[in-house]
Structures are given as structure tokens and as C-alpha cells.
Amino acid sequence: MIAVTALVKNASIAAVWNAWINPQHIVQWYFASDDWCCSSAEMDCRVGGAFNLRMEAKDQSFGFDFKATFTEVNEFQSLKYTLEDGRLVVVTFLQTAEGISITWEFQPEQQNSEALQQQGWQAILNHFKKYLEHSSVA
């Protein structure tokens with residue numbers, strides 16, 4: 001598993017959780033670079049439920065659906081899900097004195113280097129942190 005982390009300051013655990021699982025928030029932060037977007041998000045956050053995030057280049061030159069099924073949901077604590085290609089992902093949320101610590105672990109795919117994948121997932125997590133810390137959501 002590869003892990004990326006972030007510390008979200010000045011936000012409640014409830015706000016962090018809501019921004020992570022609520023489609024109206026997901027489309028505001030779920031992208032690895034500023035030339036990409038998440039044009040739509042569907043989320044059924046329960047064991048056996050699924051999500052589908054539509055990832056697209058802003059110039060509309062390329063896009064794909066990012067799909068997974070939840071295998072474990074512990075509100076305000078953790079999520080586990082299996083991506084459409086069978087890889088496992090775990091997200092943990094931990095309240096600390098400094099803020100909400102998020103650890104996002106994933107099994108890498110075989111097409112891109114692990115370093116590139118880690119960079120992409122970290123960029124998405126950084127967008128999440130920025131979205132929460134610089135908006136009225138928190």
C-alpha cells in the first residue's frame with residue numbers, strides 16, 4: 001500500500017467527513033491538477049454502496065469514470081473501498097490537537113510508476129485540504 005497524508009486545520013471532523021462524501025463538495029476538490037476537474041460525482045456511502053466520480057480534462061480532450069464499492073464505513077473514522085479494477089483503498093480520519101489528520105492508502109496500479117501515483121493522490125488530497133481551509137465549508 002502507498003500512503004499520502006494531510007492535516008486539515010480549523011475544520012470539524014463532521015465538516016471533513018461531509019466534504020469527503022458529499023457530491024456537491026467532491027466536484028470542488030477531487031482532481032490532481034488545475035487542468036482537470038471532477039465534472040460529476042455519485043456517492044452511496046454505505047457498505048455495499050458505490051461511488052462514481054467523472055474525471056475530465058478541462059479542455060475535454062480526455063475523461064474517465066473512477067468507480068469503487070464500499071466494503072467498510074465507520075462514520076467520522078474510516079472508509080474502505082475496492083476500486084473497479086480490484087485494488088483496495090483505505091481512508092482514515094483522526095481528530096488531533098492540530099486538526100484532522102487524513103491518511104489515504106491505496107494499492108498501486110501497474111501502468112504508472114508508484115512515485116507518479118503517489119504524487120497524483122497527494123495532489124488530490126492537497127486540493128481537499130485547500131478546499132476545506134479556504135472556504136466556508138469547515
# chains A, B, ... in the order shown; residues from 1 in each chain; ligands from 1
$ residues_around --residues "Val47 of chain A" --least-positions-apart "3" --cutoff "8 Å" --atoms "only C-alpha atoms" --output "PDB file with C-alpha atoms, in the first residue's frame"
ATOM      1  CA  THR A  69     -17.619  -0.118  -3.926  1.00  0.00           C
ATOM      2  CA  PHE A  70     -17.501   0.469  -0.170  1.00  0.00           C
ATOM      3  CA  THR A  71     -16.532  -2.515   1.967  1.00  0.00           C
ATOM      4  CA  GLU A  72     -16.409  -0.709   5.322  1.00  0.00           C
ATOM      5  CA  VAL A  73     -17.816   2.615   6.535  1.00  0.00           C
TER       6      VAL A  73
END
$ residues_around --residues "segment 24-29 of chain A" --least-positions-apart "2" --cutoff "6 Å" --atoms "only C-alpha atoms" --output "list of chain:residue names"
A:Ala19, A:Asn22, A:Phe31, A:Cys38, A:His127, A:Phe128
$ closest_residue --among "A:Gly49, A:Gly63, A:Pro23, A:Gly120" --to "Pro108 of chain A" --atoms "only C-alpha atoms"
A:Gly120
$ closest_residue --among "A:Ile102, A:Gln111, A:Met1, A:Asp34" --to "Val89 of chain A" --atoms "only C-alpha atoms"
A:Met1
$ select_by_dssp --residues "segment 87-125 of chain A" --states "strand (DSSP E or B)" --output "compact mmCIF listing (two decimals) with all heavy atoms, in the first residue's frame"
# COMPACT_ATOMS: atom_id res chain seq x y z
N LEU A 88 -7.43 -2.11 -3.46
CA LEU A 88 -8.01 -1.69 -2.19
C LEU A 88 -7.56 -0.29 -1.82
O LEU A 88 -6.42 0.11 -2.10
CB LEU A 88 -7.60 -2.66 -1.09
CG LEU A 88 -7.95 -4.12 -1.32
CD1 LEU A 88 -7.42 -4.98 -0.17
CD2 LEU A 88 -9.44 -4.30 -1.47
N VAL A 89 -8.46 0.45 -1.16
CA VAL A 89 -8.18 1.80 -0.70
C VAL A 89 -8.73 1.94 0.72
O VAL A 89 -9.82 1.46 1.01
CB VAL A 89 -8.82 2.86 -1.62
CG1 VAL A 89 -8.54 4.27 -1.12
CG2 VAL A 89 -8.36 2.69 -3.06
N VAL A 90 -7.96 2.60 1.59
CA VAL A 90 -8.38 2.87 2.97
C VAL A 90 -8.15 4.35 3.25
O VAL A 90 -7.07 4.88 2.98
CB VAL A 90 -7.58 2.02 3.98
CG1 VAL A 90 -8.02 2.34 5.40
CG2 VAL A 90 -7.70 0.54 3.68
N VAL A 91 -9.17 5.01 3.80
CA VAL A 91 -9.04 6.41 4.21
C VAL A 91 -9.33 6.47 5.70
O VAL A 91 -10.35 5.95 6.15
CB VAL A 91 -10.06 7.32 3.48
CG1 VAL A 91 -9.76 8.78 3.77
CG2 VAL A 91 -10.08 7.06 1.99
N THR A 92 -8.43 7.08 6.47
CA THR A 92 -8.66 7.24 7.90
C THR A 92 -8.65 8.72 8.26
O THR A 92 -7.88 9.50 7.70
CB THR A 92 -7.62 6.49 8.75
OG1 THR A 92 -6.32 6.92 8.38
CG2 THR A 92 -7.74 5.00 8.56
N PHE A 93 -9.54 9.08 9.17
CA PHE A 93 -9.69 10.44 9.65
C PHE A 93 -9.45 10.41 11.16
O PHE A 93 -10.09 9.64 11.87
CB PHE A 93 -11.12 10.95 9.39
CG PHE A 93 -11.54 10.84 7.95
CD1 PHE A 93 -12.13 9.67 7.47
CD2 PHE A 93 -11.35 11.89 7.07
CE1 PHE A 93 -12.52 9.55 6.15
CE2 PHE A 93 -11.75 11.79 5.74
CZ PHE A 93 -12.33 10.62 5.28
N LEU A 94 -8.53 11.24 11.64
CA LEU A 94 -8.18 11.24 13.05
C LEU A 94 -8.17 12.67 13.59
O LEU A 94 -7.43 13.52 13.09
CB LEU A 94 -6.81 10.59 13.26
CG LEU A 94 -6.30 10.50 14.69
CD1 LEU A 94 -7.21 9.63 15.55
CD2 LEU A 94 -4.88 9.98 14.70
N GLN A 95 -9.00 12.90 14.60
CA GLN A 95 -9.02 14.21 15.27
C GLN A 95 -7.76 14.33 16.12
O GLN A 95 -7.48 13.45 16.94
CB GLN A 95 -10.26 14.31 16.16
CG GLN A 95 -10.36 15.60 16.95
CD GLN A 95 -11.05 16.69 16.17
OE1 GLN A 95 -12.12 16.47 15.65
NE2 GLN A 95 -10.45 17.86 16.10
N ILE A 100 -7.55 17.80 11.74
CA ILE A 100 -7.98 16.47 11.32
C ILE A 100 -6.88 15.88 10.42
O ILE A 100 -6.58 16.42 9.35
CB ILE A 100 -9.31 16.51 10.54
CG1 ILE A 100 -10.39 17.29 11.30
CG2 ILE A 100 -9.77 15.09 10.20
CD1 ILE A 100 -10.71 16.76 12.67
N SER A 101 -6.31 14.79 10.87
CA SER A 101 -5.28 14.09 10.10
C SER A 101 -5.97 13.08 9.19
O SER A 101 -6.78 12.27 9.65
CB SER A 101 -4.31 13.39 11.05
OG SER A 101 -3.39 12.61 10.32
N ILE A 102 -5.64 13.14 7.91
CA ILE A 102 -6.21 12.21 6.93
C ILE A 102 -5.07 11.39 6.34
O ILE A 102 -4.06 11.94 5.89
CB ILE A 102 -6.93 12.95 5.80
CG1 ILE A 102 -8.03 13.84 6.37
CG2 ILE A 102 -7.50 11.96 4.78
CD1 ILE A 102 -8.59 14.82 5.36
N THR A 103 -5.24 10.07 6.37
CA THR A 103 -4.30 9.16 5.71
C THR A 103 -5.09 8.40 4.66
O THR A 103 -6.14 7.82 4.96
CB THR A 103 -3.67 8.19 6.72
OG1 THR A 103 -3.00 8.94 7.74
CG2 THR A 103 -2.67 7.28 6.03
N TRP A 104 -4.58 8.43 3.44
CA TRP A 104 -5.24 7.79 2.29
C TRP A 104 -4.27 6.75 1.74
O TRP A 104 -3.22 7.10 1.20
CB TRP A 104 -5.54 8.86 1.27
CG TRP A 104 -6.60 8.61 0.25
CD1 TRP A 104 -7.49 7.57 0.19
CD2 TRP A 104 -6.88 9.44 -0.86
NE1 TRP A 104 -8.31 7.72 -0.89
CE2 TRP A 104 -7.96 8.87 -1.56
CE3 TRP A 104 -6.33 10.61 -1.35
CZ2 TRP A 104 -8.49 9.42 -2.72
CZ3 TRP A 104 -6.86 11.18 -2.50
CH2 TRP A 104 -7.92 10.59 -3.17
N GLU A 105 -4.60 5.48 1.92
CA GLU A 105 -3.73 4.40 1.47
C GLU A 105 -4.37 3.69 0.27
O GLU A 105 -5.58 3.48 0.26
CB GLU A 105 -3.53 3.37 2.58
CG GLU A 105 -2.88 3.93 3.83
CD GLU A 105 -2.85 2.91 4.93
OE1 GLU A 105 -3.87 2.81 5.66
OE2 GLU A 105 -1.84 2.19 5.03
N PHE A 106 -3.53 3.34 -0.70
CA PHE A 106 -4.05 2.68 -1.89
C PHE A 106 -3.04 1.67 -2.43
O PHE A 106 -1.83 1.83 -2.26
CB PHE A 106 -4.41 3.70 -2.97
CG PHE A 106 -3.23 4.50 -3.48
CD1 PHE A 106 -2.55 4.10 -4.62
CD2 PHE A 106 -2.80 5.63 -2.81
CE1 PHE A 106 -1.46 4.82 -5.09
CE2 PHE A 106 -1.71 6.37 -3.28
CZ PHE A 106 -1.04 5.96 -4.42
$ closest_residue --among "A:Ser12, A:Ser40, A:Arg46, A:Ser78" --to "Phe66 of chain A" --atoms "only C-alpha atoms"
A:Ser40
$ residues_around --residues "Asp85 of chain A" --least-positions-apart "3" --cutoff "9 Å" --atoms "only C-alpha atoms" --output "ChimeraX atom specification"
/A:67-68,82,109
$ closest_residue --among "A:Glu75, A:Glu114, A:Asp35, A:Glu56" --to "Trp20 of chain A" --atoms "only C-alpha atoms"
A:Glu75
$ select_by_dssp --residues "chain A" --states "alpha helix (DSSP H)" --output "JSON, numbers by chain"
{"A": [13, 14, 15, 16, 17, 18, 19, 20, 21, 23, 24, 25, 26, 27, 28, 29, 114, 115, 116, 117, 118, 119, 120, 121, 122, 123, 124, 125, 126, 127, 128, 129, 130, 131, 132, 133]}
